[in-house]
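Peer 1: Supplied structure: target_26.cif, mmCIF, C-alpha atoms.
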```cif
data_coords
loop_
_atom_site.label_atom_id
_atom_site.label_comp_id
_atom_site.auth_asym_id
_atom_site.auth_seq_id
_atom_site.Cartn_x
_atom_site.Cartn_y
_atom_site.Cartn_z
CA MET A 1 15.35 0.30 36.06
CA GLU A 2 16.88 3.11 38.12
CA ALA A 3 18.43 2.60 41.52
CA PHE A 4 16.21 2.33 44.55
CA ASN A 5 15.08 5.70 45.87
CA ALA A 6 15.45 5.63 49.64
CA SER A 7 13.01 8.52 50.03
CA MET A 8 10.16 6.39 48.74
CA PRO A 9 8.02 4.63 51.36
CA LEU A 10 8.63 0.92 51.59
CA PRO A 11 5.65 -1.32 50.94
CA PHE A 12 4.57 -3.08 54.08
CA SER A 13 4.02 -6.78 54.33
CA TYR A 14 0.29 -6.76 53.76
CA LEU A 15 -2.21 -9.43 52.87
CA PHE A 16 -3.94 -9.06 49.50
CA THR A 17 -6.01 -12.21 49.32
CA SER A 18 -8.70 -12.84 46.77
CA GLY A 19 -12.08 -14.09 47.88
CA GLY A 20 -13.36 -14.66 44.36
CA THR A 21 -13.06 -17.78 42.28
CA ALA A 22 -9.80 -17.64 40.36
CA ALA A 23 -9.87 -18.86 36.80
CA SER A 24 -7.62 -21.71 35.91
CA THR A 25 -4.38 -20.54 34.37
CA SER A 26 -3.27 -23.89 33.02
CA SER A 27 -4.61 -23.06 29.57
CA LEU A 28 -2.46 -19.92 29.50
CA CYS A 29 0.81 -21.77 29.94
CA GLY A 30 0.75 -23.82 26.76
CA GLY A 31 0.24 -23.31 23.07
CA PRO A 32 2.43 -21.72 20.44
CA TRP A 33 1.26 -18.19 21.22
CA MET A 34 3.14 -18.40 24.57
CA ASP A 35 6.38 -19.48 22.92
CA PRO A 36 9.19 -18.06 25.13
CA ARG A 37 11.33 -17.51 22.04
CA ILE A 38 8.86 -14.80 21.05
CA TRP A 39 8.06 -13.27 24.41
CA SER A 40 11.68 -13.20 25.59
CA ARG A 41 12.39 -10.58 22.90
CA LEU A 42 9.72 -8.18 24.12
CA PRO A 43 11.36 -4.83 25.00
CA GLN A 44 11.44 -4.12 28.72
CA SER A 45 9.75 -0.74 28.25
CA LEU A 46 6.83 -2.37 26.47
CA LEU A 47 6.68 -5.14 29.07
CA ASP A 48 6.54 -2.54 31.85
CA ARG A 49 3.68 -0.84 30.04
CA VAL A 50 1.75 -4.12 29.90
CA ILE A 51 2.37 -4.74 33.61
CA ALA A 52 1.17 -1.21 34.43
CA PHE A 53 -2.28 -2.15 33.11
CA LEU A 54 -2.61 -5.10 35.49
CA PRO A 55 -5.13 -4.78 38.31
CA PRO A 56 -3.41 -4.59 41.72
CA PRO A 57 -4.04 -8.24 42.79
CA ALA A 58 -2.53 -9.51 39.52
CA PHE A 59 0.40 -7.09 39.81
CA PHE A 60 1.34 -8.24 43.31
CA ARG A 61 1.13 -11.88 42.24
CA ALA A 62 3.34 -11.10 39.23
CA ARG A 63 6.02 -9.60 41.52
CA SER A 64 7.00 -13.13 42.55
CA VAL A 65 8.12 -13.98 39.00
CA CYS A 66 11.61 -12.42 39.18
CA LYS A 67 13.72 -9.86 41.03
CA ARG A 68 13.16 -7.20 38.42
CA TRP A 69 9.38 -7.46 38.59
CA TYR A 70 9.57 -7.50 42.36
CA GLY A 71 11.54 -4.27 42.28
CA LEU A 72 9.10 -2.44 40.02
CA LEU A 73 7.31 -1.11 43.07
CA PHE A 74 10.51 0.77 43.97
CA SER A 75 10.97 2.21 40.46
CA ASN A 76 10.01 5.87 40.07
CA THR A 77 9.86 5.38 36.31
CA PHE A 78 7.41 2.50 36.59
CA LEU A 79 5.25 4.27 39.18
CA GLU A 80 5.06 7.33 36.94
CA LEU A 81 4.02 5.05 34.08
CA CYS A 82 1.30 3.52 36.27
CA PHE A 83 0.06 6.98 37.17
CA GLN A 84 -0.22 7.87 33.47
CA VAL A 85 -1.71 4.72 31.91
CA SER A 86 -3.41 2.66 34.63
CA PRO A 87 -7.17 2.61 34.01
CA ASP A 88 -9.60 3.81 36.67
CA ARG A 89 -10.98 0.95 38.72
CA HIS A 90 -14.08 1.87 40.69
CA CYS A 91 -13.94 -0.35 43.77
CA PHE A 92 -15.09 -0.15 47.38
CA ILE A 93 -13.29 -0.72 50.66
CA PHE A 94 -15.12 -1.75 53.82
CA PHE A 95 -14.14 -1.80 57.48
CA LYS A 96 -15.67 -3.42 60.53
CA ASN A 97 -17.73 -0.97 62.52
CA LYS A 98 -18.98 -1.62 66.06
CA ILE A 99 -22.77 -1.76 66.24
CA HIS A 100 -24.52 0.59 68.67
CA SER A 101 -21.34 2.61 69.04
CA SER A 102 -21.59 6.27 69.93
CA CYS A 103 -19.21 7.00 67.06
CA ILE A 104 -19.82 6.32 63.38
CA TYR A 105 -16.19 5.37 62.81
CA GLN A 106 -14.86 3.45 65.78
CA ASN A 107 -11.77 1.34 66.24
CA ASN A 108 -13.11 0.11 69.59
CA ASN A 109 -10.01 0.95 71.62
CA SER A 110 -11.32 -0.67 74.78
CA THR A 111 -10.02 -3.62 76.75
CA ASN A 112 -11.86 -5.90 74.36
CA ASN A 113 -10.24 -4.36 71.33
CA PRO A 114 -7.50 -6.45 69.69
CA ARG A 115 -5.85 -3.19 68.56
CA SER A 116 -5.07 -2.31 72.18
CA SER A 117 -1.51 -2.22 73.44
CA SER A 118 -1.87 -5.68 74.93
CA SER A 119 -2.08 -7.07 71.40
CA ALA A 120 0.55 -5.18 69.43
CA SER A 121 0.67 -7.84 66.72
CA TYR A 122 -2.89 -7.08 65.60
CA ASN A 123 -3.29 -5.19 62.32
CA MET A 124 -6.31 -3.23 61.16
CA GLU A 125 -8.00 -4.95 58.22
CA GLY A 126 -9.97 -3.63 55.29
CA TYR A 127 -11.99 -5.56 52.73
CA LEU A 128 -11.74 -4.49 49.08
CA PHE A 129 -14.75 -5.27 46.90
CA ASN A 130 -14.32 -5.40 43.11
CA PRO A 131 -17.77 -4.82 41.53
CA TYR A 132 -16.57 -5.86 38.07
CA GLU A 133 -15.52 -9.34 39.13
CA ILE A 134 -17.82 -9.57 42.21
CA ALA A 135 -14.74 -10.53 44.22
CA TRP A 136 -13.43 -9.69 47.69
CA HIS A 137 -9.83 -9.03 48.72
CA ARG A 138 -8.29 -8.42 52.11
CA LEU A 139 -5.87 -5.62 53.02
CA SER A 140 -4.07 -5.06 56.31
CA PHE A 141 -2.96 -1.73 57.82
CA PRO A 142 -0.16 -2.44 60.31
CA LEU A 143 1.19 1.13 60.21
CA ILE A 144 -2.06 2.79 61.31
CA PRO A 145 -1.74 3.51 65.05
CA SER A 146 -4.38 2.59 67.56
CA GLY A 147 -6.96 5.29 68.14
CA PHE A 148 -7.53 6.18 64.46
CA SER A 149 -10.51 5.33 62.26
CA PRO A 150 -11.12 5.64 58.50
CA CYS A 151 -13.15 8.70 57.54
CA ALA A 152 -12.73 9.48 53.82
CA SER A 153 -11.14 8.32 50.57
CA SER A 154 -10.02 9.98 47.34
CA GLY A 155 -7.39 9.55 44.63
CA GLY A 156 -6.20 6.15 45.83
CA LEU A 157 -5.64 7.41 49.40
CA LEU A 158 -7.53 6.72 52.60
CA CYS A 159 -7.87 9.35 55.30
CA TRP A 160 -7.83 8.35 58.98
CA VAL A 161 -8.89 10.60 61.85
CA SER A 162 -8.10 10.38 65.56
CA ASP A 163 -10.96 9.12 67.74
CA GLU A 164 -10.29 11.18 70.86
CA ALA A 165 -12.07 14.47 71.38
CA GLY A 166 -9.93 17.56 70.83
CA MET A 167 -7.76 18.81 68.00
CA LYS A 168 -8.06 16.16 65.32
CA SER A 169 -5.02 14.41 63.82
CA LEU A 170 -5.35 13.00 60.31
CA ILE A 171 -3.32 10.50 58.30
CA LEU A 172 -3.27 9.88 54.54
CA CYS A 173 -2.46 6.28 53.63
CA ASN A 174 -2.05 4.33 50.40
CA PRO A 175 -2.95 0.78 51.45
CA LEU A 176 -1.32 -0.82 48.40
CA VAL A 177 2.22 0.44 48.96
CA GLY A 178 2.03 1.30 52.64
CA SER A 179 2.68 5.04 52.38
CA PHE A 180 1.90 6.85 55.62
CA THR A 181 1.61 10.67 55.61
CA PRO A 182 0.38 12.57 58.69
CA LEU A 183 -1.27 15.96 58.37
CA PRO A 184 -0.92 18.80 60.87
CA PRO A 185 -3.57 18.70 63.62
CA THR A 186 -6.68 20.84 63.28
CA LEU A 187 -6.87 24.14 65.16
CA ARG A 188 -10.26 23.69 66.81
CA PRO A 189 -11.29 20.92 69.21
CA ARG A 190 -14.04 18.64 67.90
CA LEU A 191 -15.77 15.41 68.87
CA PHE A 192 -16.86 13.41 65.80
CA PRO A 193 -16.77 15.85 62.88
CA SER A 194 -17.57 15.21 59.24
CA VAL A 195 -14.42 14.90 57.14
CA GLY A 196 -14.22 15.56 53.40
CA LEU A 197 -11.22 14.68 51.22
CA THR A 198 -10.62 15.49 47.57
CA ILE A 199 -7.36 14.78 45.75
CA THR A 200 -6.44 15.85 42.23
CA PRO A 201 -3.11 15.30 40.42
CA SER A 202 -2.00 18.72 41.66
CA SER A 203 -3.77 19.44 44.96
CA ILE A 204 -5.04 18.10 48.27
CA ASP A 205 -8.09 19.55 50.04
CA VAL A 206 -9.41 18.38 53.40
CA THR A 207 -12.40 19.89 55.22
CA VAL A 208 -13.39 19.11 58.81
CA ALA A 209 -16.85 20.36 59.80
CA GLY A 210 -19.16 20.39 62.79
CA ASP A 211 -19.17 18.87 66.28
CA ASP A 212 -17.31 21.87 67.74
CA LEU A 213 -16.48 21.30 71.41
CA ILE A 214 -17.91 24.39 73.13
CA SER A 215 -17.24 22.80 76.55
CA PRO A 216 -15.89 19.46 77.81
CA TYR A 217 -19.49 18.20 77.87
CA ALA A 218 -21.21 19.91 74.94
CA VAL A 219 -20.86 20.10 71.16
CA LYS A 220 -22.45 22.31 68.55
CA ASN A 221 -22.26 22.53 64.76
CA LEU A 222 -20.66 25.94 64.40
CA SER A 223 -17.74 25.93 61.98
CA SER A 224 -15.55 24.14 59.45
CA GLU A 225 -11.83 24.41 58.79
CA SER A 226 -9.93 23.47 55.66
CA PHE A 227 -6.47 22.22 54.71
CA HIS A 228 -5.11 22.94 51.24
CA ILE A 229 -1.84 22.37 49.42
CA ASP A 230 -1.12 22.42 45.71
CA ALA A 231 1.72 21.93 43.25
CA GLY A 232 2.13 25.68 42.87
CA GLY A 233 3.54 25.89 46.39
CA PHE A 234 0.48 27.45 48.03
CA PHE A 235 -0.80 25.94 51.24
CA SER A 236 -3.19 26.67 54.08
CA LEU A 237 -2.76 24.66 57.28
CA TRP A 238 -6.32 24.76 58.59
CA GLY A 239 -6.19 28.54 58.22
CA THR A 240 -9.35 28.73 56.11
CA THR A 241 -12.45 28.64 58.33
CA SER A 242 -16.14 29.13 57.60
CA SER A 243 -19.33 29.25 59.64
CA LEU A 244 -21.92 26.54 59.10
CA PRO A 245 -25.53 27.48 58.29
CA ARG A 246 -27.64 28.23 61.36
CA LEU A 247 -29.51 25.39 63.04
CA CYS A 248 -27.85 22.75 60.85
CA SER A 249 -27.64 19.15 61.99
CA LEU A 250 -24.87 17.35 60.12
CA GLU A 251 -24.85 13.60 59.74
CA SER A 252 -21.49 13.18 61.47
CA GLY A 253 -18.77 11.51 59.46
CA LYS A 254 -20.41 11.55 56.04
CA MET A 255 -19.19 14.02 53.40
CA VAL A 256 -19.05 13.60 49.61
CA SER A 257 -16.78 15.49 47.19
CA VAL A 258 -18.07 16.41 43.73
CA GLU A 259 -16.46 18.92 41.33
CA GLY A 260 -14.84 21.20 43.90
CA LYS A 261 -17.66 21.05 46.45
CA PHE A 262 -18.35 19.00 49.56
CA TYR A 263 -21.87 17.77 50.28
CA CYS A 264 -23.39 16.30 53.44
CA MET A 265 -26.91 15.53 54.66
CA ASN A 266 -28.72 17.83 57.05
CA CYS A 267 -31.43 16.30 59.23
CA ASN A 268 -34.84 17.39 60.53
CA PRO A 269 -36.08 18.07 57.92
CA PHE A 270 -33.78 16.57 55.35
CA SER A 271 -31.76 18.94 53.19
CA VAL A 272 -28.28 18.98 51.66
CA LEU A 273 -25.46 21.18 52.95
CA VAL A 274 -22.96 22.37 50.32
CA TYR A 275 -19.45 23.72 50.91
CA ASP A 276 -17.80 25.46 47.96
CA ILE A 277 -14.03 25.07 48.40
CA GLY A 278 -13.17 27.94 46.06
CA SER A 279 -15.46 30.53 47.65
CA ASN A 280 -15.15 29.16 51.21
CA ASN A 281 -18.92 29.34 51.62
CA TRP A 282 -21.66 27.05 52.93
CA CYS A 283 -25.22 26.94 51.60
CA LYS A 284 -28.26 24.67 51.81
CA ILE A 285 -30.33 23.09 49.03
CA GLN A 286 -33.62 21.27 49.35
CA ALA A 287 -33.77 17.49 49.05
CA PRO A 288 -36.39 15.82 46.81
CA MET A 289 -39.51 14.53 48.61
CA ARG A 290 -37.76 15.51 51.84
CA ARG A 291 -40.74 14.80 54.11
CA PHE A 292 -41.11 11.25 52.84
CA LEU A 293 -37.46 10.14 52.80
CA ARG A 294 -36.07 7.36 54.97
CA TYR A 295 -32.32 6.89 55.56
CA PRO A 296 -31.10 9.20 52.76
CA SER A 297 -27.46 8.97 51.68
CA LEU A 298 -25.33 11.08 49.35
CA VAL A 299 -22.95 9.36 46.94
CA GLU A 300 -20.74 10.46 44.05
CA SER A 301 -20.97 8.88 40.62
CA LYS A 302 -19.04 9.96 37.52
CA GLY A 303 -18.78 13.54 38.70
CA ARG A 304 -22.43 13.79 39.74
CA LEU A 305 -24.05 13.94 43.16
CA LEU A 306 -26.65 11.24 43.82
CA LEU A 307 -29.15 10.96 46.65
CA VAL A 308 -30.29 7.44 47.55
CA ALA A 309 -33.22 6.99 49.91
CA ALA A 310 -36.30 4.93 50.65
CA VAL A 311 -39.63 6.66 50.04
CA GLU A 312 -42.42 5.59 52.36
CA LYS A 313 -45.69 7.38 52.93
CA SER A 314 -48.98 5.52 53.24
CA LYS A 315 -51.02 8.32 51.64
CA LEU A 316 -48.84 8.65 48.55
CA ASN A 317 -50.33 7.44 45.30
CA VAL A 318 -47.06 5.64 44.47
CA PRO A 319 -45.80 2.41 46.04
CA LYS A 320 -43.04 2.32 48.62
CA SER A 321 -39.64 2.14 46.95
CA LEU A 322 -35.95 2.92 47.04
CA ARG A 323 -35.05 5.69 44.63
CA ILE A 324 -31.96 7.40 43.26
CA TRP A 325 -31.91 11.08 42.30
CA ALA A 326 -29.14 13.08 40.58
CA LEU A 327 -28.47 16.76 41.24
CA GLN A 328 -28.78 18.76 38.03
CA ASP A 329 -26.18 21.20 36.71
CA CYS A 330 -28.15 24.16 38.05
CA GLY A 331 -27.31 22.92 41.56
CA THR A 332 -30.85 23.07 42.99
CA ASN A 333 -33.06 20.63 41.06
CA TRP A 334 -33.08 16.83 41.24
CA GLU A 335 -33.86 14.24 38.59
CA GLU A 336 -34.85 10.66 39.37
CA MET A 337 -32.27 8.27 37.90
CA GLY A 338 -33.47 4.88 39.05
CA ARG A 339 -35.84 2.95 41.26
CA MET A 340 -35.54 -0.45 42.87
CA PRO A 341 -38.03 -2.96 41.42
CA LEU A 342 -41.01 -3.43 43.72
CA GLU A 343 -40.46 -7.18 44.19
CA LEU A 344 -36.84 -6.62 45.18
CA TYR A 345 -37.76 -3.75 47.48
CA ILE A 346 -40.26 -5.94 49.34
CA GLN A 347 -37.48 -8.51 49.89
CA PHE A 348 -35.00 -5.77 50.83
CA ALA A 349 -37.40 -4.13 53.30
CA ASP A 350 -38.11 -7.49 54.95
CA ILE A 351 -34.39 -8.12 55.54
CA GLU A 352 -33.71 -4.52 56.55
CA GLY A 353 -36.45 -4.74 59.20
CA GLY A 354 -36.40 -1.04 60.06
CA ARG A 355 -32.70 -0.96 61.01
CA GLY A 356 -31.81 1.30 58.11
CA PHE A 357 -29.12 1.18 55.47
CA ASP A 358 -26.06 3.06 54.24
CA CYS A 359 -24.96 3.72 50.66
CA VAL A 360 -21.65 4.33 48.94
CA GLY A 361 -21.14 5.04 45.25
CA ASN A 362 -18.20 4.89 42.86
CA GLY A 363 -18.24 5.19 39.08
CA GLU A 364 -21.32 3.49 37.72
CA PHE A 365 -21.91 1.45 40.88
CA VAL A 366 -23.84 2.02 44.10
CA VAL A 367 -23.59 -0.36 47.07
CA ILE A 368 -26.39 -0.43 49.64
CA VAL A 369 -25.43 -2.05 52.96
CA ILE A 370 -28.07 -3.01 55.52
CA ARG A 371 -27.18 -1.77 58.98
CA GLY A 372 -26.62 -4.36 61.66
CA CYS A 373 -25.73 -7.16 59.20
CA TRP A 374 -22.41 -7.69 57.47
CA ASP A 375 -23.60 -10.35 55.01
CA LYS A 376 -26.37 -8.48 53.16
CA ALA A 377 -25.66 -5.77 50.60
CA LEU A 378 -27.04 -4.82 47.19
CA LEU A 379 -25.08 -3.69 44.13
CA PHE A 380 -26.73 -1.44 41.56
CA ASP A 381 -25.12 -1.00 38.14
CA MET A 382 -26.52 2.29 36.85
CA TRP A 383 -25.34 1.71 33.29
CA GLY A 384 -26.80 -1.77 33.02
CA LYS A 385 -29.79 -0.94 35.28
CA ARG A 386 -29.05 -4.17 37.11
CA TRP A 387 -29.59 -4.98 40.79
CA GLN A 388 -27.93 -7.94 42.48
CA TRP A 389 -27.13 -9.21 45.96
CA ILE A 390 -23.43 -9.16 46.82
CA PRO A 391 -21.97 -12.42 48.17
CA PRO A 392 -20.82 -12.12 51.81
CA CYS A 393 -17.18 -11.21 52.37
CA PRO A 394 -15.36 -14.52 53.07
CA PHE A 395 -12.85 -12.82 55.37
CA VAL A 396 -15.47 -11.54 57.80
CA GLY A 397 -17.06 -13.60 60.54
CA GLY A 398 -18.44 -13.33 64.02
CA GLY A 399 -20.88 -10.53 63.27
CA CYS A 400 -24.61 -10.58 62.92
CA ARG A 401 -26.02 -12.45 59.94
CA SER A 402 -29.28 -11.31 58.44
CA SER A 403 -30.91 -14.61 59.45
CA ASP A 404 -29.93 -14.03 63.09
CA CYS A 405 -30.76 -10.32 63.40
CA GLY A 406 -34.16 -9.24 64.43
CA ALA A 407 -35.52 -5.78 63.98
CA GLY A 408 -33.20 -4.63 66.72
CA GLY A 409 -30.09 -6.41 65.48
CA SER A 410 -27.50 -7.07 68.17
CA GLY A 411 -24.54 -8.41 66.24
CA GLU A 412 -20.98 -7.51 67.09
CA PHE A 413 -20.22 -5.41 64.03
CA GLU A 414 -21.30 -4.30 60.59
CA LEU A 415 -19.42 -3.11 57.51
CA HIS A 416 -18.96 0.55 56.67
CA GLY A 417 -17.60 1.41 53.26
CA PHE A 418 -15.91 4.03 51.12
CA ALA A 419 -15.41 4.54 47.41
CA TYR A 420 -11.85 3.52 46.57
CA GLU A 421 -9.70 3.44 43.44
CA PRO A 422 -6.63 1.21 43.92
CA ARG A 423 -3.51 3.03 42.74
CA LEU A 424 0.14 2.09 43.04
CA ALA A 425 1.27 5.67 42.42
CA THR A 426 -0.05 8.64 44.37
CA PRO A 427 2.60 11.33 43.72
CA VAL A 428 0.37 14.04 45.19
CA THR A 429 1.52 13.06 48.69
CA GLY A 430 5.01 14.25 47.75
CA MET A 431 3.68 17.80 48.00
CA LEU A 432 3.30 17.33 51.75
CA ASP A 433 7.10 17.23 51.98
CA GLN A 434 6.97 20.94 51.12
CA LEU A 435 5.56 21.62 54.56
CA ALA A 436 9.09 21.21 55.92
CA HIS A 437 10.23 24.19 53.81
CA PRO A 438 9.13 27.83 53.91
CA LEU A 439 6.50 28.38 51.22
CA GLN A 440 3.97 31.04 50.37
CA SER A 441 0.83 30.60 52.43
CA PHE A 442 -2.67 31.95 52.05
CA SER A 443 -5.73 31.92 54.26
#
```
Once you've parsed the file, please lay out its structure as structure tokens.
Peer 2:
Amino acid sequence: MEAFNASMPLPFSYLFTSGGTAASTSSLCGGPWMDPRIWSRLPQSLLDRVIAFLPPPAFFRARSVCKRWYGLLFSNTFLELCFQVSPDRHCFIFFKNKIHSSCIYQNNNSTNNPRSSSSASYNMEGYLFNPYEIAWHRLSFPLIPSGFSPCASSGGLLCWVSDEAGMKSLILCNPLVGSFTPLPPTLRPRLFPSVGLTITPSSIDVTVAGDDLISPYAVKNLSSESFHIDAGGFFSLWGTTSSLPRLCSLESGKMVSVEGKFYCMNCNPFSVLVYDIGSNNWCKIQAPMRRFLRYPSLVESKGRLLLVAAVEKSKLNVPKSLRIWALQDCGTNWEEMGRMPLELYIQFADIEGGRGFDCVGNGEFVVIVIRGCWDKALLFDMWGKRWQWIPPCPFVGGGCRSSDCGAGGSGEFELHGFAYEPRLATPVTGMLDQLAHPLQSFS
């Protein structure tokens, strides 16, 4: 293993605690197939390759075995190997969100907020949900400053945006290794804009749209601005701007990236706004059954855009339901992909009680979280066509349980989630170091 690279970010002392039931490992420690005389001869390169396939919780537990395994996180060679061979793991990360807040993403930086300066030892927490094992894990974010809230996720990185009105500051963070990369502030003042993030192995694109501050007391959805940097040395520091469609009403804070385009919901009546990154152009497409939708959400799944919504209209000849549509390749038509069973929807609607719900998708999974309650969420496996209730996160408490919330729900917080793929290596952030050097720019 090569010498430690001082330019690499040090991993912070975070908490990665499993909430699932761990299988007993006693049976793995005995038997002839674990004979140390055999395994001690395994080449280190092959052993590193095996370790690179471990899921993050298992990897961080394995680091306590010896000094060499502990130091793998500092090895550029091992991180490059992880980037090449680690399988995609479609997980979700959730954060506490204040109920009845004026902001969708809120860190609650008031006198009652433990993140305030009077409590410097407090660390922001996130809750990682593994849909394959139906297990919860806890992550802490001690490097994230007060006054920032999570807004987007892509490529193993989380994006955080400043809460205060004005030019927005953004931070890219890898919660597994503690990397912390600030972006230049936006050029236009905004209140609570929608933020889209898409990361590929060779580029970073960020779009901030809507909630333009036209005065200290008024906002209007007028424009978007984009940040781009790629491995070819081209970059645009919020220099690419575009006008939003007239009379649009963005659902602040929610933007989905699919195949080089950002999508977000438009309200009254419901439609879908589309931003093409390559052409720097916004357009609008019609949503299915738009006059009968309730609480629609856009999610990404395996490179496709999905719309999840309840359908309720007393005069329809079909029963009330929760449906999932997929946008077709033509970019304008929708195809129904799934529907919640009627018996389950009746139970779901009774618990939801008119408060609404939010959805987040990743891979073959969609998670539906009931607003106002942190302990009730549904998981839909689109490949297996299976619906199941998710067990409550064991690290969360003090909020409003579904049994205590009425139709108005007055709990302290709820959970708001993002699609997340845990990755030890995110070399794309190294391109941001280029901003300190003169490069060719475009706008």
Peer 1: Residues near region 160-165 of chain A, anyone? I mean within 12 Å using only C-alpha atoms, not counting same-chain ones fewer than 6 positions away, as a PDB file with C-alpha atoms, in the coordinates of the input.
Peer 2:
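As a result, around_19.pdb now contains:
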```pdb
ATOM      1  CA  SER A 102     -21.590   6.270  69.930  1.00  0.00           C
ATOM      2  CA  CYS A 103     -19.210   7.000  67.060  1.00  0.00           C
ATOM      3  CA  ILE A 104     -19.820   6.320  63.380  1.00  0.00           C
ATOM      4  CA  TYR A 105     -16.190   5.370  62.810  1.00  0.00           C
ATOM      5  CA  GLN A 106     -14.860   3.450  65.780  1.00  0.00           C
ATOM      6  CA  ASN A 107     -11.770   1.340  66.240  1.00  0.00           C
ATOM      7  CA  ASN A 108     -13.110   0.110  69.590  1.00  0.00           C
ATOM      8  CA  ASN A 109     -10.010   0.950  71.620  1.00  0.00           C
ATOM      9  CA  MET A 124      -6.310  -3.230  61.160  1.00  0.00           C
ATOM     10  CA  PHE A 141      -2.960  -1.730  57.820  1.00  0.00           C
ATOM     11  CA  LEU A 143       1.190   1.130  60.210  1.00  0.00           C
ATOM     12  CA  ILE A 144      -2.060   2.790  61.310  1.00  0.00           C
ATOM     13  CA  PRO A 145      -1.740   3.510  65.050  1.00  0.00           C
ATOM     14  CA  SER A 146      -4.380   2.590  67.560  1.00  0.00           C
ATOM     15  CA  GLY A 147      -6.960   5.290  68.140  1.00  0.00           C
ATOM     16  CA  PHE A 148      -7.530   6.180  64.460  1.00  0.00           C
ATOM     17  CA  SER A 149     -10.510   5.330  62.260  1.00  0.00           C
ATOM     18  CA  PRO A 150     -11.120   5.640  58.500  1.00  0.00           C
ATOM     19  CA  CYS A 151     -13.150   8.700  57.540  1.00  0.00           C
ATOM     20  CA  ALA A 152     -12.730   9.480  53.820  1.00  0.00           C
ATOM     21  CA  SER A 153     -11.140   8.320  50.570  1.00  0.00           C
ATOM     22  CA  SER A 154     -10.020   9.980  47.340  1.00  0.00           C
ATOM     23  CA  ILE A 171      -3.320  10.500  58.300  1.00  0.00           C
ATOM     24  CA  LEU A 172      -3.270   9.880  54.540  1.00  0.00           C
ATOM     25  CA  CYS A 173      -2.460   6.280  53.630  1.00  0.00           C
ATOM     26  CA  ASN A 174      -2.050   4.330  50.400  1.00  0.00           C
ATOM     27  CA  PRO A 175      -2.950   0.780  51.450  1.00  0.00           C
ATOM     28  CA  PHE A 180       1.900   6.850  55.620  1.00  0.00           C
ATOM     29  CA  THR A 181       1.610  10.670  55.610  1.00  0.00           C
ATOM     30  CA  PRO A 182       0.380  12.570  58.690  1.00  0.00           C
ATOM     31  CA  LEU A 183      -1.270  15.960  58.370  1.00  0.00           C
ATOM     32  CA  PRO A 184      -0.920  18.800  60.870  1.00  0.00           C
ATOM     33  CA  PRO A 185      -3.570  18.700  63.620  1.00  0.00           C
ATOM     34  CA  THR A 186      -6.680  20.840  63.280  1.00  0.00           C
ATOM     35  CA  ARG A 188     -10.260  23.690  66.810  1.00  0.00           C
ATOM     36  CA  PRO A 189     -11.290  20.920  69.210  1.00  0.00           C
ATOM     37  CA  ARG A 190     -14.040  18.640  67.900  1.00  0.00           C
ATOM     38  CA  LEU A 191     -15.770  15.410  68.870  1.00  0.00           C
ATOM     39  CA  PHE A 192     -16.860  13.410  65.800  1.00  0.00           C
ATOM     40  CA  PRO A 193     -16.770  15.850  62.880  1.00  0.00           C
ATOM     41  CA  SER A 194     -17.570  15.210  59.240  1.00  0.00           C
ATOM     42  CA  VAL A 195     -14.420  14.900  57.140  1.00  0.00           C
ATOM     43  CA  GLY A 196     -14.220  15.560  53.400  1.00  0.00           C
ATOM     44  CA  LEU A 197     -11.220  14.680  51.220  1.00  0.00           C
ATOM     45  CA  VAL A 206      -9.410  18.380  53.400  1.00  0.00           C
ATOM     46  CA  THR A 207     -12.400  19.890  55.220  1.00  0.00           C
ATOM     47  CA  VAL A 208     -13.390  19.110  58.810  1.00  0.00           C
ATOM     48  CA  ASP A 211     -19.170  18.870  66.280  1.00  0.00           C
ATOM     49  CA  ASP A 212     -17.310  21.870  67.740  1.00  0.00           C
ATOM     50  CA  LEU A 213     -16.480  21.300  71.410  1.00  0.00           C
ATOM     51  CA  ILE A 214     -17.910  24.390  73.130  1.00  0.00           C
ATOM     52  CA  SER A 215     -17.240  22.800  76.550  1.00  0.00           C
ATOM     53  CA  PRO A 216     -15.890  19.460  77.810  1.00  0.00           C
ATOM     54  CA  TYR A 217     -19.490  18.200  77.870  1.00  0.00           C
ATOM     55  CA  ALA A 218     -21.210  19.910  74.940  1.00  0.00           C
ATOM     56  CA  VAL A 219     -20.860  20.100  71.160  1.00  0.00           C
ATOM     57  CA  GLY A 253     -18.770  11.510  59.460  1.00  0.00           C
TER      58      GLY A 253
END
```
Peer 1: Could you tell me which of A:Leu327, A:Asn268, A:Pro288, A:Val258 comes closest to Lys302 (chain A) if we count all atoms listed in the file?
Peer 2: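 Checking each of A:Leu327, A:Asn268, A:Pro288, A:Val258 against Lys302 (chain A), counting all atoms listed in the file, the winner is A:Val258.
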Peer 1: May I have the residues within 12 Å of Ser301 (chain A) as a VMD selection string, using all atoms listed in the file and disregarding those fewer than 5 positions away in the same chain?
Peer 2: chain A and resid 90 256 to 259 306 to 308 324 to 327 337 359 to 367 380 to 383 419
Peer 1: Check what the PyMOL selection byres ((chain A and resi 266) around 12) selects in the file above and give those residues as a ChimeraX atom specification.
Peer 2: /A:194,210,221,244-252,254-255,263-265,267-274,283-287,290,295-298
Peer 1: Care to translate the PyMOL selection byres ((chain A and resi 375) around 6) into actual residues of this file, as a PyMOL selection string?
Peer 2: chain A and resi 373-374+376+392+401
Peer 1: Take every atom of region 234-246 of chain A listed in the file, pad by 8 Å on each side, and give me the axis-aligned box centre and edge lengths in Å, one decimal, as lines of an AutoDock Vina configuration file.
Peer 2:
```
center_x = -13.6
center_y = 27.0
center_z = 54.7
size_x = 44.1
size_y = 20.6
size_z = 29.3
```
